[in-house]
Amino acid sequence: MALTRCWRFAGVVPRLLRNSTALPGASVPGARSSVSSLVNLSHRCCKTTELLLCSRFSTAPPTDVSYEQLKQLLAGRKAVVVDVREPWELREYGFIPGSINVPLGQVNTALQLGAEEFKEKYGGEMPEQTDNIVFTCLAGVRSKTALDTAASLGYKDVQHYPGGWQDWVKNEQHK
């Protein structure tokens with residue numbers, strides 16, 4: 001939720017900074033500050049401004065998990081790992097041991113099921129809204145979408161493995 005607000009805010013501020021009609025002290029919707037403190041940033045790169053704003057206004061934990069972090073989470077059973085690829089992709093390419101397969105198109109519905117129905121349909125424990133959930137896919141695109149979906153449903157501790165299956169295989173081969 002905080003990250004979503006951050007991105008919305010980051011999209012608004014560069015336009016405000018370029019707009020010379022923004023009045024000092026004017027409020028920015030969804031923010032806890034005023035435009036006056038941001039006007040001096042108008043000559044800096046928009047990416048820098050967005051990063052500064054996101055770090056200032058977002059209390060969300062980092063959403064990316066590295067290979068090593070994922071290995072530790074799996075070893076300590078400290079996260080529910082959800083692979084959002086289609087079942088045929090797991091059969092053809094493989095999967096991360098200990099992950100649960102919930103195809104991306106079913107994530108929204110699946111995370112609203114009862115615990116028994118989830119377990120019956122997906123073969124794993126239904127994550128609670130306070131559980132650490134790590135989404136993964138082939139290369140990190142679909143897992144980011146799943147993360148956004150889970151966050152919109154109220155899940156608090158959601159992350160994704162941006163390297164996905166491709167990064168996992170590469171790292172496992174080097175071990």
# chains A, B, ... in the order shown; residues from 1 in each chain; ligands from 1

call {"tool": "residues_around", "arguments": {"residues": "Glu68 in chain A", "least_positions_apart": "2", "cutoff": "12 Å", "atoms": "only C-alpha atoms", "output": "ChimeraX atom specification"}}
result
/A:64-66,70-75,161,163,167-168,171-172,175

call {"tool": "write_last_selection", "arguments": {"atoms": "C-alpha atoms", "output": "short mmCIF file (atom, residue, chain, number, x, y, z; two decimals), in the first residue's frame"}}
result
data_model
loop_
_atom_site.label_atom_id
_atom_site.label_comp_id
_atom_site.auth_asym_id
_atom_site.auth_seq_id
_atom_site.Cartn_x
_atom_site.Cartn_y
_atom_site.Cartn_z
CA ASP A 64 13.51 -7.71 -3.93
CA VAL A 65 15.01 -10.94 -2.59
CA SER A 66 18.39 -12.19 -3.79
CA LEU A 70 15.78 -16.87 -0.83
CA LYS A 71 17.95 -19.87 0.04
CA GLN A 72 18.06 -18.72 3.67
CA LEU A 73 14.30 -18.12 3.80
CA LEU A 74 13.63 -21.59 2.38
CA ALA A 75 16.12 -23.30 4.70
CA TYR A 161 12.65 -12.82 -6.47
CA GLY A 163 15.88 -13.18 -11.02
CA ASP A 167 18.66 -16.84 -11.81
CA TRP A 168 17.94 -19.81 -9.54
CA ASN A 171 23.19 -20.03 -9.17
CA GLU A 172 22.43 -23.69 -8.47
CA LYS A 175 27.29 -24.56 -6.44
#

call {"tool": "residues_around", "arguments": {"residues": "Ala150 in chain A", "least_positions_apart": "2", "cutoff": "9 Å", "atoms": "only C-alpha atoms", "output": "ChimeraX atom specification"}}
result
/A:107-108,111,129,133,145-148,152-156,158

call {"tool": "closest_residue", "arguments": {"among": "A:Gly76, A:Ala139, A:Leu90, A:Lys121", "to": "Lys170 in chain A", "atoms": "only C-alpha atoms"}}
result
A:Ala139

call {"tool": "atom_distance", "arguments": {"atom1": "CA of Asn101 in chain A", "atom2": "CA of His174 in chain A"}}
result
25.2 Å

call {"tool": "atom_distance", "arguments": {"atom1": "CA of Asp157 in chain A", "atom2": "CA of Cys137 in chain A"}}
result
18.1 Å

call {"tool": "atom_distance", "arguments": {"atom1": "CA of Thr130 in chain A", "atom2": "CA of Gly94 in chain A"}}
result
28.5 Å

call {"tool": "residues_around", "arguments": {"residues": "Gly164 in chain A", "least_positions_apart": "4", "cutoff": "9 Å", "atoms": "only C-alpha atoms", "output": "count of residues only"}}
result
13

call {"tool": "select_by_dssp", "arguments": {"residues": "range 44-147 of chain A", "states": "alpha helix (DSSP H)", "output": "mmCIF file with C-alpha atoms, in the first residue's frame"}}
result
data_model
loop_
_atom_site.group_PDB
_atom_site.id
_atom_site.type_symbol
_atom_site.label_atom_id
_atom_site.label_comp_id
_atom_site.auth_asym_id
_atom_site.auth_seq_id
_atom_site.Cartn_x
_atom_site.Cartn_y
_atom_site.Cartn_z
ATOM 1 C CA CYS A 46 13.516 12.988 -12.054
ATOM 2 C CA LYS A 47 14.782 9.506 -11.159
ATOM 3 C CA THR A 48 16.779 10.954 -8.278
ATOM 4 C CA THR A 49 13.751 12.913 -7.127
ATOM 5 C CA GLU A 50 11.567 9.807 -7.272
ATOM 6 C CA LEU A 51 14.078 7.784 -5.269
ATOM 7 C CA LEU A 52 14.355 10.499 -2.637
ATOM 8 C CA LEU A 53 10.596 10.766 -2.382
ATOM 9 C CA CYS A 54 10.041 7.029 -2.213
ATOM 10 C CA SER A 55 12.582 6.597 0.538
ATOM 11 C CA ARG A 56 11.109 9.534 2.455
ATOM 12 C CA PHE A 57 7.428 8.659 2.170
ATOM 13 C CA TYR A 67 19.246 -15.825 -4.481
ATOM 14 C CA GLU A 68 21.131 -16.093 -1.174
ATOM 15 C CA GLN A 69 18.282 -14.500 0.778
ATOM 16 C CA LEU A 70 15.780 -16.867 -0.830
ATOM 17 C CA LYS A 71 17.951 -19.868 0.037
ATOM 18 C CA GLN A 72 18.060 -18.721 3.673
ATOM 19 C CA LEU A 73 14.297 -18.121 3.795
ATOM 20 C CA LEU A 74 13.629 -21.586 2.375
ATOM 21 C CA ALA A 75 16.121 -23.300 4.700
ATOM 22 C CA PRO A 87 2.018 -25.497 -14.507
ATOM 23 C CA TRP A 88 3.433 -26.498 -17.907
ATOM 24 C CA GLU A 89 6.401 -24.159 -17.319
ATOM 25 C CA LEU A 90 7.251 -25.913 -14.066
ATOM 26 C CA ARG A 91 7.000 -29.324 -15.744
ATOM 27 C CA GLU A 92 9.155 -28.207 -18.678
ATOM 28 C CA TYR A 93 11.816 -26.113 -16.933
ATOM 29 C CA VAL A 107 -3.286 -15.198 -7.494
ATOM 30 C CA ASN A 108 -6.058 -12.723 -6.680
ATOM 31 C CA THR A 109 -8.676 -15.436 -6.197
ATOM 32 C CA ALA A 110 -6.289 -17.881 -4.498
ATOM 33 C CA ALA A 115 -7.170 -22.349 4.115
ATOM 34 C CA GLU A 116 -8.586 -25.801 3.334
ATOM 35 C CA GLU A 117 -9.657 -24.890 -0.194
ATOM 36 C CA PHE A 118 -6.254 -23.301 -0.892
ATOM 37 C CA LYS A 119 -4.418 -26.391 0.360
ATOM 38 C CA GLU A 120 -6.649 -28.709 -1.671
ATOM 39 C CA LYS A 121 -6.246 -26.691 -4.871
ATOM 40 C CA TYR A 122 -2.551 -25.701 -4.632
ATOM 41 C CA VAL A 141 8.027 -9.718 -14.348
ATOM 42 C CA ARG A 142 5.025 -11.788 -13.300
ATOM 43 C CA SER A 143 6.252 -12.085 -9.713
ATOM 44 C CA LYS A 144 6.244 -8.292 -9.398
ATOM 45 C CA THR A 145 2.631 -8.224 -10.615
ATOM 46 C CA ALA A 146 1.722 -10.921 -8.066
ATOM 47 C CA LEU A 147 3.425 -8.901 -5.327
#

call {"tool": "closest_residue", "arguments": {"among": "A:Val102, A:Pro162, A:Thr63, A:Glu128", "to": "Gly114 in chain A", "atoms": "only C-alpha atoms"}}
result
A:Glu128
